[in-house]
Amino acid sequence: MKPAAFDYDRPNDLAAATSQIAQGDGMVKAMAGGQSLGAMLNLRLAQPQGVVDLRSIQELSSATETAEAVTLGACVTHARIEDRRVPDATRGLMPKVAADIAYRAIRNRGTIGGSLVHADPAADWVSTLSLLNATAIIGGPNGRREMRMEEFLLGAFETALGMDEILIAVRIEKFSANARWGYWKFCRKTGEFAEAIGGVLIDPARKICRAVIGATNGKPYVIHDARGIADQFDAHRAMQAVEAAGMGEDAYERQMHFVALQRAAAAIHTT
Amino acid sequence: MAVNKKPVSFQVNGRTIQATLEPRLHLADFLRDHEHLTGTHIGCEHGVCGACTLEIDGVPARACLTYTVSCEGAEVRTIEGLEHDPVMVQLRAAFTSEHALQCGYCTPGMLVTARDIVLRLPDADEARIRKELSGNLCRCTGYVGIVHAIQKVQQQRKVTT
Ligand SMILES: Cc1cc2nc3c(=O)[nH]c(=O)nc-3n(C[C@H](O)[C@H](O)[C@H](O)COP(=O)(O)OP(=O)(O)OC[C@H]3O[C@@H](n4cnc5c(N)ncnc54)[C@H](O)[C@@H]3O)c2cc1C
Ligand code: FES
Ligand code: FES
């Protein structure tokens, strides 16, 4: 339960961090909250030569708001989102999701960016940011680039982030006044990773009627036209979506994902 | 492999610590083995059990998921450093009277979490208290006494403040 030896550095600026990671040639890992990486190091599932702590890079902890969107630095913690110490673009969806991630001691350290890059299919931000089709802002030796969630997430524990790149922030477009949402996760124990996730978002002013099936074997399954699921819940359509998400084989998994989606649709809030 | 030790300077219970350490040394091991602060317990070493929960910069955190060299400039407070904290004095008395501990293994982490609940969520009802305690595993006392102890301190603080 003790990590293999690794080197440690805590640079103050992004350029230094990206160059250290790039020079590591895959053997140097970024660390944000350390709440997933720390466990992987302690269990020796990860044995990097070096760790680059991102927490002193100010931009990564900042949160900004425009008329259209909220941009959250990659190192914004779950607890800051839960407590609404950063602006919320989602009429309460993100604070609610944050509050149900793990436990407070984990939420005080764990970050939205770390969670997204870790890309555990059962993680809450992976599903939520897919439902929102948020934008990842990425930095590397060749400057910055942006990507929507559907391109950013490639599969289980797999993203489009290059070996020499850092996730800088995520941008979330603001919900309009009449937007409604629902989110449901099943876990065996409060605060555990999800067995199944369902999420729905209806925002007529932005022409969005979307749903997500999460905690699958790969990346979240986003239903872009979720009419008949998010609004009027049709069991047949929902079951088709669960099967399309790859969750149709096993009776238990199928039922869990179906009911998670059903409960998300039923829980649609008028916030 | 050559090990690169790193210097670090931070506070533990108000005392300045300066040390040069292997980066892989986590805070719970540092506190126990180097500082002989054995109140911080170790269970799972991957964030699940809560036995190692202490305060970093005023909020609960897992010592087992915190590498000591990453604590530069931080203020760490362990259960020992909370001895005279007024909320902790109340919680200790309530844990005793409500039978909130038996073996005591989970208790330091449980008390740190309990203190956070009392201060951050003074109006939390039983369901919320239980949710907030879900990250601290107690395998011998059970949660009834622990929940009662927290509720008792919530009540006491409403009367006195
Ligand atoms: C007991 C326990 C229960 C949990 N339960 C849940 C749960 O119910 N739901 C849930 O969603 N999560 C859960 N988590 C995970 C938690 O949310 C973590 O905080 C999160 O997965 C990782 O965030 P972090 O900031 O700690 O990242 P780290 O652990 O520091 O890093 C994770 C990975 O991302 C990389 N990385 C981090 N930041 C960046 C960046 N800016 N750019 C590039 N790469 C980066 C690291 O190299 C590493 O590979 C749980 C964790 C624990 C320990
Ligand atoms: S020892 Fe840290 S959470 Fe179990
Ligand atoms: S008192 Fe023994 S584990 Fe909680």
# chains A, B, ... in the order shown; residues from 1 in each chain; ligands from 1
>>> interface_residues(of="chain A", to="chain B", cutoff="12 Å", atoms="only C-alpha atoms", output="compact mmCIF listing (two decimals) with all heavy atoms, in the first residue's frame")
# COMPACT_ATOMS: atom_id res chain seq x y z
N MET A 1 0.82 -1.22 0.00
CA MET A 1 0.00 0.00 0.00
C MET A 1 0.85 1.26 0.00
O MET A 1 0.35 2.34 0.28
CB MET A 1 -0.93 0.02 1.22
CG MET A 1 -1.92 -1.12 1.26
SD MET A 1 -2.93 -1.22 -0.19
CE MET A 1 -3.93 0.25 0.00
N LYS A 2 2.14 1.12 -0.24
CA LYS A 2 2.98 2.32 -0.33
C LYS A 2 3.39 2.49 -1.78
O LYS A 2 3.74 1.52 -2.45
CB LYS A 2 4.24 2.17 0.54
CG LYS A 2 3.97 1.76 1.98
CD LYS A 2 3.16 2.78 2.76
CE LYS A 2 2.85 2.24 4.15
NZ LYS A 2 1.86 3.06 4.87
N PRO A 3 3.38 3.74 -2.26
CA PRO A 3 3.73 3.98 -3.66
C PRO A 3 5.19 3.65 -3.94
O PRO A 3 6.02 3.69 -3.03
CB PRO A 3 3.50 5.48 -3.84
CG PRO A 3 2.97 6.00 -2.59
CD PRO A 3 3.06 4.96 -1.53
N ALA A 4 5.48 3.33 -5.19
CA ALA A 4 6.86 3.25 -5.63
C ALA A 4 7.42 4.68 -5.62
O ALA A 4 6.66 5.65 -5.67
CB ALA A 4 6.93 2.67 -7.04
N ALA A 5 8.74 4.81 -5.54
CA ALA A 5 9.35 6.13 -5.47
C ALA A 5 9.01 6.95 -6.71
O ALA A 5 8.93 6.42 -7.82
CB ALA A 5 10.86 5.99 -5.34
N PHE A 6 8.75 8.23 -6.50
CA PHE A 6 8.54 9.15 -7.63
C PHE A 6 9.11 10.51 -7.29
O PHE A 6 9.27 10.84 -6.11
CB PHE A 6 7.05 9.24 -8.02
CG PHE A 6 6.13 9.70 -6.91
CD1 PHE A 6 5.96 11.04 -6.60
CD2 PHE A 6 5.40 8.75 -6.19
CE1 PHE A 6 5.09 11.44 -5.59
CE2 PHE A 6 4.53 9.16 -5.17
CZ PHE A 6 4.37 10.50 -4.87
N ASP A 7 9.40 11.26 -8.30
CA ASP A 7 9.91 12.62 -8.14
C ASP A 7 8.70 13.56 -8.05
O ASP A 7 7.61 13.21 -8.50
CB ASP A 7 10.78 12.97 -9.35
CG ASP A 7 11.87 13.95 -8.97
OD1 ASP A 7 11.77 14.57 -7.88
OD2 ASP A 7 12.82 14.11 -9.76
N TYR A 8 8.89 14.74 -7.48
CA TYR A 8 7.75 15.64 -7.30
C TYR A 8 8.17 17.07 -7.59
O TYR A 8 9.25 17.51 -7.20
CB TYR A 8 7.26 15.54 -5.85
CG TYR A 8 6.22 16.58 -5.47
CD1 TYR A 8 4.87 16.32 -5.67
CD2 TYR A 8 6.59 17.80 -4.90
CE1 TYR A 8 3.91 17.27 -5.31
CE2 TYR A 8 5.64 18.75 -4.54
CZ TYR A 8 4.30 18.48 -4.74
OH TYR A 8 3.35 19.41 -4.40
N ASP A 9 7.29 17.79 -8.29
CA ASP A 9 7.53 19.21 -8.51
C ASP A 9 6.20 19.95 -8.50
O ASP A 9 5.16 19.35 -8.78
CB ASP A 9 8.25 19.43 -9.84
CG ASP A 9 9.22 20.60 -9.75
OD1 ASP A 9 9.09 21.41 -8.80
OD2 ASP A 9 10.10 20.72 -10.62
N ARG A 10 6.28 21.23 -8.16
CA ARG A 10 5.05 22.03 -8.09
C ARG A 10 5.29 23.39 -8.75
O ARG A 10 5.51 24.39 -8.07
CB ARG A 10 4.65 22.20 -6.64
CG ARG A 10 3.29 22.85 -6.47
CD ARG A 10 2.86 22.74 -5.00
NE ARG A 10 1.64 23.46 -4.75
CZ ARG A 10 1.00 23.44 -3.59
NH1 ARG A 10 1.49 22.75 -2.57
NH2 ARG A 10 -0.11 24.12 -3.42
N PRO A 11 5.26 23.41 -10.09
CA PRO A 11 5.56 24.67 -10.79
C PRO A 11 4.43 25.69 -10.62
O PRO A 11 3.29 25.32 -10.35
CB PRO A 11 5.67 24.24 -12.26
CG PRO A 11 4.84 22.99 -12.35
CD PRO A 11 4.93 22.32 -11.01
N MET A 31 -0.83 16.03 -11.35
CA MET A 31 -1.65 15.74 -10.17
C MET A 31 -2.45 16.98 -9.81
O MET A 31 -1.90 18.07 -9.71
CB MET A 31 -0.81 15.30 -8.98
CG MET A 31 -1.66 14.92 -7.77
SD MET A 31 -0.72 14.02 -6.49
CE MET A 31 0.11 15.35 -5.69
N ALA A 32 -3.75 16.82 -9.64
CA ALA A 32 -4.60 17.94 -9.21
C ALA A 32 -4.95 17.71 -7.76
O ALA A 32 -4.18 18.03 -6.87
CB ALA A 32 -5.81 18.03 -10.12
N GLY A 33 -6.11 17.10 -7.49
CA GLY A 33 -6.48 16.83 -6.09
C GLY A 33 -5.80 15.59 -5.54
O GLY A 33 -5.79 15.38 -4.32
N GLY A 34 -5.31 14.76 -6.42
CA GLY A 34 -4.68 13.51 -5.97
C GLY A 34 -5.66 12.47 -5.44
O GLY A 34 -5.25 11.46 -4.88
N GLN A 35 -6.94 12.70 -5.63
CA GLN A 35 -7.93 11.80 -5.01
C GLN A 35 -8.16 10.53 -5.83
O GLN A 35 -8.70 9.55 -5.30
CB GLN A 35 -9.26 12.53 -4.77
CG GLN A 35 -9.10 13.77 -3.92
CD GLN A 35 -8.55 13.46 -2.54
OE1 GLN A 35 -9.22 12.85 -1.72
NE2 GLN A 35 -7.30 13.85 -2.28
N SER A 36 -7.77 10.54 -7.09
CA SER A 36 -7.74 9.29 -7.85
C SER A 36 -6.30 8.85 -8.03
O SER A 36 -5.97 7.69 -7.83
CB SER A 36 -8.40 9.48 -9.23
OG SER A 36 -9.78 9.67 -9.07
N LEU A 37 -5.44 9.79 -8.40
CA LEU A 37 -4.03 9.44 -8.62
C LEU A 37 -3.38 8.91 -7.34
O LEU A 37 -2.62 7.94 -7.38
CB LEU A 37 -3.25 10.65 -9.17
CG LEU A 37 -1.80 10.37 -9.55
CD1 LEU A 37 -1.72 9.30 -10.64
CD2 LEU A 37 -1.09 11.64 -10.01
N GLY A 38 -3.70 9.54 -6.20
CA GLY A 38 -3.12 9.09 -4.93
C GLY A 38 -3.46 7.64 -4.64
O GLY A 38 -2.60 6.85 -4.24
N ALA A 39 -4.72 7.30 -4.87
CA ALA A 39 -5.13 5.91 -4.65
C ALA A 39 -4.39 4.98 -5.61
O ALA A 39 -3.91 3.91 -5.22
CB ALA A 39 -6.64 5.79 -4.83
N MET A 40 -4.25 5.42 -6.87
CA MET A 40 -3.56 4.58 -7.87
C MET A 40 -2.08 4.42 -7.53
O MET A 40 -1.49 3.36 -7.75
CB MET A 40 -3.66 5.22 -9.25
CG MET A 40 -5.09 5.52 -9.67
SD MET A 40 -5.62 4.48 -11.00
CE MET A 40 -4.46 4.92 -12.25
N LEU A 41 -1.48 5.50 -6.99
CA LEU A 41 -0.06 5.42 -6.60
C LEU A 41 0.09 4.49 -5.40
O LEU A 41 0.97 3.61 -5.39
CB LEU A 41 0.46 6.82 -6.23
CG LEU A 41 0.65 7.81 -7.38
CD1 LEU A 41 0.90 9.22 -6.83
CD2 LEU A 41 1.80 7.41 -8.28
N ASN A 42 -0.77 4.67 -4.40
CA ASN A 42 -0.66 3.84 -3.19
C ASN A 42 -0.84 2.36 -3.52
O ASN A 42 -0.21 1.50 -2.92
CB ASN A 42 -1.68 4.28 -2.15
CG ASN A 42 -1.34 5.63 -1.53
OD1 ASN A 42 -0.33 6.24 -1.87
ND2 ASN A 42 -2.16 6.09 -0.62
N LEU A 43 -1.72 2.08 -4.46
CA LEU A 43 -1.97 0.69 -4.85
C LEU A 43 -0.97 0.19 -5.90
O LEU A 43 -1.03 -0.95 -6.34
CB LEU A 43 -3.40 0.54 -5.41
CG LEU A 43 -4.55 0.77 -4.42
CD1 LEU A 43 -5.86 0.97 -5.16
CD2 LEU A 43 -4.66 -0.39 -3.45
N ARG A 44 -0.08 1.07 -6.29
CA ARG A 44 0.92 0.80 -7.34
C ARG A 44 0.29 0.43 -8.69
O ARG A 44 0.91 -0.25 -9.50
CB ARG A 44 1.95 -0.25 -6.89
CG ARG A 44 2.73 0.23 -5.67
CD ARG A 44 4.07 -0.45 -5.53
NE ARG A 44 4.75 0.07 -4.33
CZ ARG A 44 6.02 -0.14 -4.05
NH1 ARG A 44 6.79 -0.85 -4.85
NH2 ARG A 44 6.56 0.37 -2.97
N LEU A 45 -0.92 0.88 -8.88
CA LEU A 45 -1.53 0.74 -10.21
C LEU A 45 -0.90 1.75 -11.15
O LEU A 45 -0.89 1.57 -12.36
CB LEU A 45 -3.04 0.97 -10.14
CG LEU A 45 -3.83 -0.12 -9.38
CD1 LEU A 45 -5.27 0.29 -9.20
CD2 LEU A 45 -3.74 -1.44 -10.13
N GLN A 47 2.77 3.88 -11.58
CA GLN A 47 4.14 4.00 -11.08
C GLN A 47 4.91 4.99 -11.95
O GLN A 47 5.88 4.61 -12.63
CB GLN A 47 4.83 2.63 -11.07
CG GLN A 47 4.12 1.62 -10.20
CD GLN A 47 4.93 0.35 -9.96
OE1 GLN A 47 6.12 0.29 -10.21
NE2 GLN A 47 4.26 -0.68 -9.49
N PRO A 48 4.48 6.25 -11.94
CA PRO A 48 5.18 7.24 -12.76
C PRO A 48 6.55 7.57 -12.16
O PRO A 48 6.78 7.34 -10.97
CB PRO A 48 4.26 8.46 -12.69
CG PRO A 48 3.57 8.32 -11.38
CD PRO A 48 3.41 6.84 -11.14
N GLN A 49 7.44 8.10 -13.00
CA GLN A 49 8.73 8.55 -12.48
C GLN A 49 8.58 9.87 -11.72
O GLN A 49 9.29 10.13 -10.78
CB GLN A 49 9.72 8.73 -13.63
CG GLN A 49 10.54 7.49 -13.88
CD GLN A 49 11.18 7.50 -15.25
OE1 GLN A 49 11.33 8.55 -15.87
NE2 GLN A 49 11.56 6.32 -15.73
N GLY A 50 7.65 10.67 -12.19
CA GLY A 50 7.48 11.97 -11.56
C GLY A 50 6.02 12.41 -11.52
O GLY A 50 5.20 11.93 -12.29
N VAL A 51 5.74 13.31 -10.57
CA VAL A 51 4.41 13.88 -10.43
C VAL A 51 4.55 15.39 -10.47
O VAL A 51 5.41 15.96 -9.78
CB VAL A 51 3.78 13.41 -9.09
CG1 VAL A 51 2.60 14.26 -8.73
CG2 VAL A 51 3.39 11.94 -9.16
N VAL A 52 3.73 16.04 -11.29
CA VAL A 52 3.74 17.49 -11.37
C VAL A 52 2.43 18.01 -10.77
O VAL A 52 1.35 17.80 -11.32
CB VAL A 52 3.87 17.96 -12.84
CG1 VAL A 52 3.76 19.48 -12.93
CG2 VAL A 52 5.21 17.50 -13.42
N ASP A 53 2.56 18.63 -9.61
CA ASP A 53 1.40 19.14 -8.87
C ASP A 53 0.93 20.44 -9.55
O ASP A 53 1.70 21.38 -9.70
CB ASP A 53 1.86 19.41 -7.43
CG ASP A 53 0.71 19.65 -6.48
OD1 ASP A 53 -0.35 20.11 -6.93
OD2 ASP A 53 0.90 19.39 -5.28
N LEU A 54 -0.34 20.45 -9.94
CA LEU A 54 -0.85 21.61 -10.70
C LEU A 54 -1.46 22.70 -9.82
O LEU A 54 -1.91 23.73 -10.31
CB LEU A 54 -1.94 21.13 -11.68
CG LEU A 54 -1.55 20.05 -12.70
CD1 LEU A 54 -2.77 19.66 -13.55
CD2 LEU A 54 -0.43 20.55 -13.62
N ARG A 55 -1.50 22.49 -8.51
CA ARG A 55 -2.33 23.37 -7.68
C ARG A 55 -1.79 24.78 -7.49
O ARG A 55 -2.50 25.64 -7.01
CB ARG A 55 -2.56 22.72 -6.31
CG ARG A 55 -3.50 21.51 -6.39
CD ARG A 55 -3.58 20.82 -5.06
NE ARG A 55 -2.25 20.49 -4.61
CZ ARG A 55 -1.86 20.53 -3.33
NH1 ARG A 55 -2.69 20.87 -2.39
NH2 ARG A 55 -0.62 20.22 -3.00
N SER A 56 -0.51 25.03 -7.85
CA SER A 56 -0.01 26.40 -7.71
C SER A 56 -0.20 27.24 -8.96
O SER A 56 0.19 28.40 -8.99
CB SER A 56 1.48 26.37 -7.34
OG SER A 56 1.65 25.82 -6.06
N ALA A 79 -16.03 20.62 -3.95
CA ALA A 79 -16.62 21.34 -2.82
C ALA A 79 -16.95 22.79 -3.19
O ALA A 79 -17.98 23.33 -2.76
CB ALA A 79 -15.69 21.30 -1.60
N ASP A 83 -20.72 24.15 -2.90
CA ASP A 83 -21.05 25.31 -2.05
C ASP A 83 -21.42 26.56 -2.85
O ASP A 83 -21.63 27.61 -2.28
CB ASP A 83 -19.84 25.68 -1.17
CG ASP A 83 -19.45 24.56 -0.21
OD1 ASP A 83 -20.23 23.61 -0.06
OD2 ASP A 83 -18.36 24.66 0.39
N ALA A 99 -22.40 17.66 -4.88
CA ALA A 99 -22.69 17.28 -3.49
C ALA A 99 -22.77 15.78 -3.30
O ALA A 99 -22.59 15.29 -2.18
CB ALA A 99 -24.00 17.94 -3.04
N ASP A 100 -23.05 15.04 -4.37
CA ASP A 100 -23.19 13.59 -4.24
C ASP A 100 -21.96 12.82 -4.73
O ASP A 100 -22.01 11.61 -4.91
CB ASP A 100 -24.45 13.12 -4.99
CG ASP A 100 -25.71 13.57 -4.26
OD1 ASP A 100 -25.62 13.84 -3.04
OD2 ASP A 100 -26.78 13.66 -4.89
N ILE A 101 -20.85 13.53 -4.96
CA ILE A 101 -19.61 12.84 -5.33
C ILE A 101 -18.87 12.47 -4.03
O ILE A 101 -18.59 13.34 -3.21
CB ILE A 101 -18.69 13.74 -6.18
CG1 ILE A 101 -19.33 14.05 -7.53
CG2 ILE A 101 -17.32 13.09 -6.37
CD1 ILE A 101 -18.57 15.04 -8.38
N ALA A 102 -18.57 11.22 -3.87
CA ALA A 102 -17.74 10.75 -2.77
C ALA A 102 -18.16 11.37 -1.44
O ALA A 102 -19.35 11.41 -1.12
CB ALA A 102 -16.27 11.02 -3.08
N TYR A 103 -17.19 11.85 -0.67
CA TYR A 103 -17.42 12.37 0.67
C TYR A 103 -16.76 13.73 0.77
O TYR A 103 -15.87 14.05 -0.01
CB TYR A 103 -16.82 11.40 1.71
CG TYR A 103 -17.03 9.97 1.30
CD1 TYR A 103 -15.96 9.18 0.86
CD2 TYR A 103 -18.31 9.43 1.27
CE1 TYR A 103 -16.17 7.87 0.43
CE2 TYR A 103 -18.53 8.13 0.84
CZ TYR A 103 -17.45 7.36 0.42
OH TYR A 103 -17.67 6.08 -0.02
N ARG A 104 -17.17 14.51 1.76
CA ARG A 104 -16.70 15.88 1.85
C ARG A 104 -15.16 15.96 1.86
O ARG A 104 -14.58 16.85 1.21
CB ARG A 104 -17.29 16.54 3.10
CG ARG A 104 -16.96 18.01 3.24
CD ARG A 104 -17.66 18.88 2.22
NE ARG A 104 -17.29 20.28 2.43
CZ ARG A 104 -17.78 21.29 1.73
NH1 ARG A 104 -18.67 21.09 0.78
NH2 ARG A 104 -17.39 22.52 1.98
N ALA A 105 -14.51 15.08 2.59
CA ALA A 105 -13.03 15.15 2.64
C ALA A 105 -12.42 14.94 1.26
O ALA A 105 -11.37 15.50 0.96
CB ALA A 105 -12.49 14.11 3.63
N ILE A 106 -13.08 14.15 0.43
CA ILE A 106 -12.61 13.94 -0.96
C ILE A 106 -12.98 15.16 -1.80
O ILE A 106 -12.18 15.64 -2.61
CB ILE A 106 -13.25 12.67 -1.57
CG1 ILE A 106 -13.06 11.45 -0.69
CG2 ILE A 106 -12.79 12.46 -3.02
CD1 ILE A 106 -11.76 10.73 -0.80
N ARG A 107 -14.19 15.68 -1.58
CA ARG A 107 -14.64 16.83 -2.40
C ARG A 107 -13.83 18.09 -2.12
O ARG A 107 -13.74 18.97 -2.98
CB ARG A 107 -16.13 17.10 -2.13
CG ARG A 107 -17.03 15.95 -2.53
CD ARG A 107 -18.48 16.39 -2.66
NE ARG A 107 -19.11 16.75 -1.40
CZ ARG A 107 -19.70 15.90 -0.56
NH1 ARG A 107 -19.72 14.63 -0.83
NH2 ARG A 107 -20.28 16.33 0.54
N ASN A 108 -13.27 18.20 -0.92
CA ASN A 108 -12.44 19.37 -0.61
C ASN A 108 -11.17 19.41 -1.45
O ASN A 108 -10.56 20.46 -1.60
CB ASN A 108 -12.05 19.37 0.87
CG ASN A 108 -13.19 19.86 1.76
OD1 ASN A 108 -14.00 20.69 1.34
ND2 ASN A 108 -13.26 19.35 2.97
N ARG A 109 -10.73 18.25 -1.95
CA ARG A 109 -9.48 18.19 -2.71
C ARG A 109 -9.69 17.84 -4.18
O ARG A 109 -8.96 18.30 -5.04
CB ARG A 109 -8.53 17.12 -2.11
CG ARG A 109 -8.38 17.15 -0.61
CD ARG A 109 -7.37 18.12 -0.11
NE ARG A 109 -6.00 17.79 -0.48
CZ ARG A 109 -4.95 18.52 -0.08
NH1 ARG A 109 -5.12 19.59 0.67
NH2 ARG A 109 -3.75 18.20 -0.46
N GLY A 110 -10.62 16.94 -4.45
CA GLY A 110 -10.82 16.44 -5.81
C GLY A 110 -11.34 17.54 -6.73
O GLY A 110 -12.10 18.40 -6.32
N ARG A 188 -24.02 1.44 -4.68
CA ARG A 188 -24.27 0.43 -3.64
C ARG A 188 -24.19 1.06 -2.27
O ARG A 188 -24.80 0.59 -1.33
CB ARG A 188 -23.25 -0.70 -3.75
CG ARG A 188 -23.32 -1.38 -5.07
CD ARG A 188 -22.53 -2.65 -5.05
NE ARG A 188 -23.21 -3.63 -4.21
CZ ARG A 188 -23.25 -4.92 -4.49
NH1 ARG A 188 -22.67 -5.38 -5.55
NH2 ARG A 188 -23.86 -5.76 -3.68
N LYS A 189 -23.39 2.11 -2.16
CA LYS A 189 -23.24 2.78 -0.87
C LYS A 189 -23.16 4.28 -1.14
O LYS A 189 -22.53 4.68 -2.12
CB LYS A 189 -21.95 2.28 -0.21
CG LYS A 189 -21.53 3.06 0.99
CD LYS A 189 -20.21 2.56 1.57
CE LYS A 189 -19.65 3.55 2.55
NZ LYS A 189 -18.99 4.69 1.90
N THR A 190 -23.75 5.08 -0.29
CA THR A 190 -23.70 6.53 -0.47
C THR A 190 -22.27 6.99 -0.73
O THR A 190 -21.36 6.62 0.01
CB THR A 190 -24.23 7.22 0.81
OG1 THR A 190 -25.50 6.67 1.11
CG2 THR A 190 -24.35 8.73 0.62
N GLY A 191 -22.09 7.79 -1.77
CA GLY A 191 -20.77 8.37 -2.04
C GLY A 191 -19.86 7.49 -2.87
O GLY A 191 -18.78 7.91 -3.27
N GLU A 192 -20.30 6.29 -3.16
CA GLU A 192 -19.48 5.41 -3.99
C GLU A 192 -19.63 5.78 -5.46
O GLU A 192 -20.58 6.46 -5.85
CB GLU A 192 -19.93 3.95 -3.80
CG GLU A 192 -19.08 3.18 -2.83
CD GLU A 192 -17.62 3.12 -3.26
OE1 GLU A 192 -17.33 3.25 -4.47
OE2 GLU A 192 -16.76 2.97 -2.37
N PHE A 193 -18.72 5.28 -6.27
CA PHE A 193 -18.88 5.41 -7.71
C PHE A 193 -20.19 4.74 -8.14
O PHE A 193 -20.65 3.79 -7.52
CB PHE A 193 -17.71 4.73 -8.43
CG PHE A 193 -16.49 5.59 -8.51
CD1 PHE A 193 -15.42 5.38 -7.67
CD2 PHE A 193 -16.43 6.63 -9.43
CE1 PHE A 193 -14.30 6.18 -7.73
CE2 PHE A 193 -15.30 7.44 -9.50
CZ PHE A 193 -14.24 7.22 -8.66
>>> residues_near_ligand(ligand="ligand 3", cutoff="6 Å", atoms="only C-alpha atoms and all ligand atoms", output="PDB file with N, CA and C atoms, in the first residue's frame")
ATOM      1  N   LEU B 101     -18.374   5.230  20.586  1.00  0.00           N
ATOM      2  CA  LEU B 101     -17.161   4.497  20.223  1.00  0.00           C
ATOM      3  C   LEU B 101     -17.008   3.254  21.078  1.00  0.00           C
ATOM      4  N   GLN B 102     -16.347   2.266  20.466  1.00  0.00           N
ATOM      5  CA  GLN B 102     -15.952   1.068  21.217  1.00  0.00           C
ATOM      6  C   GLN B 102     -14.442   0.899  21.108  1.00  0.00           C
ATOM      7  N   CYS B 103     -13.972   0.390  19.960  1.00  0.00           N
ATOM      8  CA  CYS B 103     -12.531   0.146  19.829  1.00  0.00           C
ATOM      9  C   CYS B 103     -11.768   1.436  19.602  1.00  0.00           C
ATOM     10  N   GLY B 104     -12.431   2.452  19.047  1.00  0.00           N
ATOM     11  CA  GLY B 104     -11.785   3.742  18.851  1.00  0.00           C
ATOM     12  C   GLY B 104     -10.983   3.881  17.576  1.00  0.00           C
ATOM     13  N   TYR B 105     -10.979   2.830  16.759  1.00  0.00           N
ATOM     14  CA  TYR B 105     -10.134   2.923  15.567  1.00  0.00           C
ATOM     15  C   TYR B 105     -10.604   4.008  14.607  1.00  0.00           C
ATOM     16  N   CYS B 106     -11.912   4.087  14.408  1.00  0.00           N
ATOM     17  CA  CYS B 106     -12.449   5.079  13.463  1.00  0.00           C
ATOM     18  C   CYS B 106     -12.572   6.455  14.089  1.00  0.00           C
ATOM     19  N   THR B 107     -12.443   6.530  15.426  1.00  0.00           N
ATOM     20  CA  THR B 107     -12.885   7.718  16.166  1.00  0.00           C
ATOM     21  C   THR B 107     -12.184   9.028  15.796  1.00  0.00           C
ATOM     22  N   CYS B 138     -17.271   2.896  10.382  1.00  0.00           N
ATOM     23  CA  CYS B 138     -17.159   2.354  11.729  1.00  0.00           C
ATOM     24  C   CYS B 138     -17.636   0.921  11.650  1.00  0.00           C
ATOM     25  N   ARG B 139     -16.792  -0.015  12.019  1.00  0.00           N
ATOM     26  CA  ARG B 139     -17.174  -1.418  11.866  1.00  0.00           C
ATOM     27  C   ARG B 139     -17.485  -2.086  13.186  1.00  0.00           C
ATOM     28  N   CYS B 140     -17.496  -1.364  14.309  1.00  0.00           N
ATOM     29  CA  CYS B 140     -17.852  -2.079  15.545  1.00  0.00           C
ATOM     30  C   CYS B 140     -18.916  -1.382  16.366  1.00  0.00           C
ATOM     31  N   THR B 141     -18.934  -0.058  16.423  1.00  0.00           N
ATOM     32  CA  THR B 141     -19.955   0.603  17.259  1.00  0.00           C
ATOM     33  C   THR B 141     -21.285   0.683  16.526  1.00  0.00           C
TER      34      THR B 141
END
>>> residues_around(residues="segment 232-245 of chain A", least_positions_apart="4", cutoff="9 Å", atoms="only C-alpha atoms", output="list of chain:residue names")
A:Ile213, A:Gly214, A:Thr216, A:Asn217, A:Gly218, A:Pro220, A:Tyr221, A:Val222, A:Ile223, A:Arg227, A:Gly228, A:Glu249, A:Arg254, A:Gln255, A:His257, A:Phe258, A:Leu261, A:Gln262, A:Ala265, A:Ala266
>>> select_by_dssp(residues="chain B", states="alpha helix (DSSP H)", output="count of residues only")
53
>>> atom_distance(atom1="atom 20 (C, counted along the ligand's line) of ligand 1", atom2="atom CA of Ile17 of chain B")
28.9 Å
>>> select_by_dssp(residues="segment 27-258 of chain A", states="strand (DSSP E)", output="PyMOL selection string")
chain A and resi 28-31+50-53+63-65+69-73+135-140+143-148+153-155+158-159+166-173+180-186+196-203+208-214+221-223
>>> closest_residue(among="B:Val159, B:Ile129, B:Ala74, B:Arg15", to="Val147 of chain B", atoms="only C-alpha atoms")
B:Ile129
>>> closest_residue(among="A:Pro95, A:Gly140, A:Gly162, A:Gly198", to="Ser127 of chain A", atoms="only C-alpha atoms")
A:Gly198
